[in-house]
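Report on the following structure.
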Amino acid sequence: MDKYQNRKTNRLKEYDYSLDGAYFLTICVKDKCRILGKIAEEAAGLVQTVELSEMGEMVKLHIENIKMYSEFVKLDKYVIMPNHVHLIISIESGTTLAYKDGSPRSASPAKAVIPQIVNALKSLTSKKYGKSIWQRSYYDHIIRNEADYREKWEYIDTNPLRWGKDEYYL
């Protein structure tokens, strides 16, 4: 029996993920392995930062180049943790994903820009290693208002400080 046969999707069935708006995403490393970096304490443990590994630096490069996937996509905020990544991505004047020169890329059903971006990010970062470094699927949250946006922004800012209590800390 296929172990993914009964897997529940966390996407909203009727939602068009190419609509304008902001999205909070969490993408996890396969088996939650800490391959993207480590948490380092500074100033007697008062500040915690993420020291990226070589793989983490490569992921950072691809995240910071998300804009190349579409002129309508904007990276608002992100943090790379030892075994996962959080991002806030905004779509403005949403259309199907296109190359910078305007030529269309193949669109998935419902013109799902967010899944296309996540797929591209996972594919490009895994390609160098010859195998996927990411778990199947990802978490997304459609940001509904300014308060929700500020809450997700703060969550990203403070994520390294909460590492020991993080649900992804193993």
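In the structure tokens, the first chain shown is A, the next is B, and so on; residue numbers restart at 1 for each chain, and ligands run from 1 in the order shown.
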
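Excluding stretch 137-143 of chain A itself and any same-chain residue fewer than 4 positions from it, the protein and nucleic acid residues within 7 Å of it, counting only C-alpha atoms, are Asn10, Ala22, Tyr23, Phe24, Leu25, Thr26, Ile27, Cys28, Asp148 and Tyr149 of chain A.
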
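Residues of stretch 50-163 of chain A that DSSP places in strand (DSSP E or B), based on the backbone of this structure, are Val50, Glu51, Leu52, Val73, Lys74, Leu75, Asp76, Lys77, Tyr78, Val79, Ile80, His84, Val85, His86, Leu87, Ile88, Ile89, Ser90, Ile91, Ala98, Pro104, Trp134, Tyr139, Asp140, His141, Ile142 and Ile143 of chain A.
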
Practice item. Can you pull out every residue within 10 Å of A:Pro160, counting only C-alpha atoms, but drop anything in the same chain fewer than 4 positions away, and send it as JSON, numbers by chain? Key: {"A": [38, 39, 40, 41, 47, 48, 49, 50, 79, 80, 81, 82, 155, 156, 164, 165, 166]}

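The coordinates place atom CA of A:Met68 at 14.4 Å from atom CA of A:Glu92.
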
**Study point:** Distance query A:His62 at most 10 Å, only C-alpha atoms, self and fewer than 2 positions along chain excluded, as a ChimeraX atom specification
**Key:** /A:56-60,64-68,120-122,124-125

Write the residues of the selection above to a file with N, CA, C and O atoms, as a PDB file, in the first residue's frame.
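part35.pdb, written as the output of this step:
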ATOM      1  N   GLY A  56      22.640  25.601   3.953  1.00  0.00           N
ATOM      2  CA  GLY A  56      21.792  26.713   4.358  1.00  0.00           C
ATOM      3  C   GLY A  56      22.074  27.968   3.547  1.00  0.00           C
ATOM      4  O   GLY A  56      21.154  28.694   3.174  1.00  0.00           O
ATOM      5  N   GLU A  57      23.340  28.228   3.264  1.00  0.00           N
ATOM      6  CA  GLU A  57      23.712  29.388   2.433  1.00  0.00           C
ATOM      7  C   GLU A  57      23.157  29.246   1.021  1.00  0.00           C
ATOM      8  O   GLU A  57      22.702  30.210   0.417  1.00  0.00           O
ATOM      9  N   MET A  58      23.188  28.018   0.495  1.00  0.00           N
ATOM     10  CA  MET A  58      22.656  27.769  -0.836  1.00  0.00           C
ATOM     11  C   MET A  58      21.136  27.971  -0.851  1.00  0.00           C
ATOM     12  O   MET A  58      20.583  28.579  -1.769  1.00  0.00           O
ATOM     13  N   VAL A  59      20.449  27.526   0.185  1.00  0.00           N
ATOM     14  CA  VAL A  59      19.003  27.734   0.305  1.00  0.00           C
ATOM     15  C   VAL A  59      18.708  29.234   0.391  1.00  0.00           C
ATOM     16  O   VAL A  59      17.795  29.740  -0.270  1.00  0.00           O
ATOM     17  N   LYS A  60      19.502  29.957   1.169  1.00  0.00           N
ATOM     18  CA  LYS A  60      19.344  31.407   1.299  1.00  0.00           C
ATOM     19  C   LYS A  60      19.446  32.095  -0.058  1.00  0.00           C
ATOM     20  O   LYS A  60      18.630  32.963  -0.392  1.00  0.00           O
ATOM     21  N   GLU A  64      16.388  34.230  -1.680  1.00  0.00           N
ATOM     22  CA  GLU A  64      16.540  35.645  -2.008  1.00  0.00           C
ATOM     23  C   GLU A  64      16.348  35.931  -3.499  1.00  0.00           C
ATOM     24  O   GLU A  64      16.191  37.083  -3.889  1.00  0.00           O
ATOM     25  N   ASN A  65      16.341  34.887  -4.306  1.00  0.00           N
ATOM     26  CA  ASN A  65      16.106  35.046  -5.745  1.00  0.00           C
ATOM     27  C   ASN A  65      14.707  34.626  -6.164  1.00  0.00           C
ATOM     28  O   ASN A  65      14.460  34.398  -7.348  1.00  0.00           O
ATOM     29  N   ILE A  66      13.786  34.513  -5.222  1.00  0.00           N
ATOM     30  CA  ILE A  66      12.411  34.121  -5.534  1.00  0.00           C
ATOM     31  C   ILE A  66      11.803  35.060  -6.573  1.00  0.00           C
ATOM     32  O   ILE A  66      11.028  34.643  -7.414  1.00  0.00           O
ATOM     33  N   LYS A  67      12.182  36.304  -6.543  1.00  0.00           N
ATOM     34  CA  LYS A  67      11.644  37.301  -7.480  1.00  0.00           C
ATOM     35  C   LYS A  67      11.849  36.873  -8.934  1.00  0.00           C
ATOM     36  O   LYS A  67      11.073  37.243  -9.811  1.00  0.00           O
ATOM     37  N   MET A  68      12.876  36.061  -9.201  1.00  0.00           N
ATOM     38  CA  MET A  68      13.132  35.654 -10.587  1.00  0.00           C
ATOM     39  C   MET A  68      12.031  34.738 -11.142  1.00  0.00           C
ATOM     40  O   MET A  68      11.890  34.595 -12.336  1.00  0.00           O
ATOM     41  N   ALA A 120       9.618  24.998  -7.193  1.00  0.00           N
ATOM     42  CA  ALA A 120      10.857  25.484  -7.806  1.00  0.00           C
ATOM     43  C   ALA A 120      11.960  25.600  -6.757  1.00  0.00           C
ATOM     44  O   ALA A 120      13.101  25.181  -6.995  1.00  0.00           O
ATOM     45  N   LEU A 121      11.638  26.154  -5.605  1.00  0.00           N
ATOM     46  CA  LEU A 121      12.625  26.303  -4.536  1.00  0.00           C
ATOM     47  C   LEU A 121      13.157  24.941  -4.090  1.00  0.00           C
ATOM     48  O   LEU A 121      14.367  24.736  -3.971  1.00  0.00           O
ATOM     49  N   LYS A 122      12.259  23.990  -3.883  1.00  0.00           N
ATOM     50  CA  LYS A 122      12.678  22.649  -3.480  1.00  0.00           C
ATOM     51  C   LYS A 122      13.524  21.983  -4.558  1.00  0.00           C
ATOM     52  O   LYS A 122      14.554  21.371  -4.262  1.00  0.00           O
ATOM     53  N   LEU A 124      15.305  23.345  -7.121  1.00  0.00           N
ATOM     54  CA  LEU A 124      16.597  23.995  -7.349  1.00  0.00           C
ATOM     55  C   LEU A 124      17.581  23.732  -6.220  1.00  0.00           C
ATOM     56  O   LEU A 124      18.772  23.528  -6.460  1.00  0.00           O
ATOM     57  N   THR A 125      17.101  23.726  -4.980  1.00  0.00           N
ATOM     58  CA  THR A 125      18.002  23.508  -3.859  1.00  0.00           C
ATOM     59  C   THR A 125      18.389  22.037  -3.708  1.00  0.00           C
ATOM     60  O   THR A 125      19.460  21.736  -3.195  1.00  0.00           O
TER      61      THR A 125
END

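For the pair atom CA of A:Val113 and atom CA of A:Ile91, the interatomic distance is 8.5 Å.
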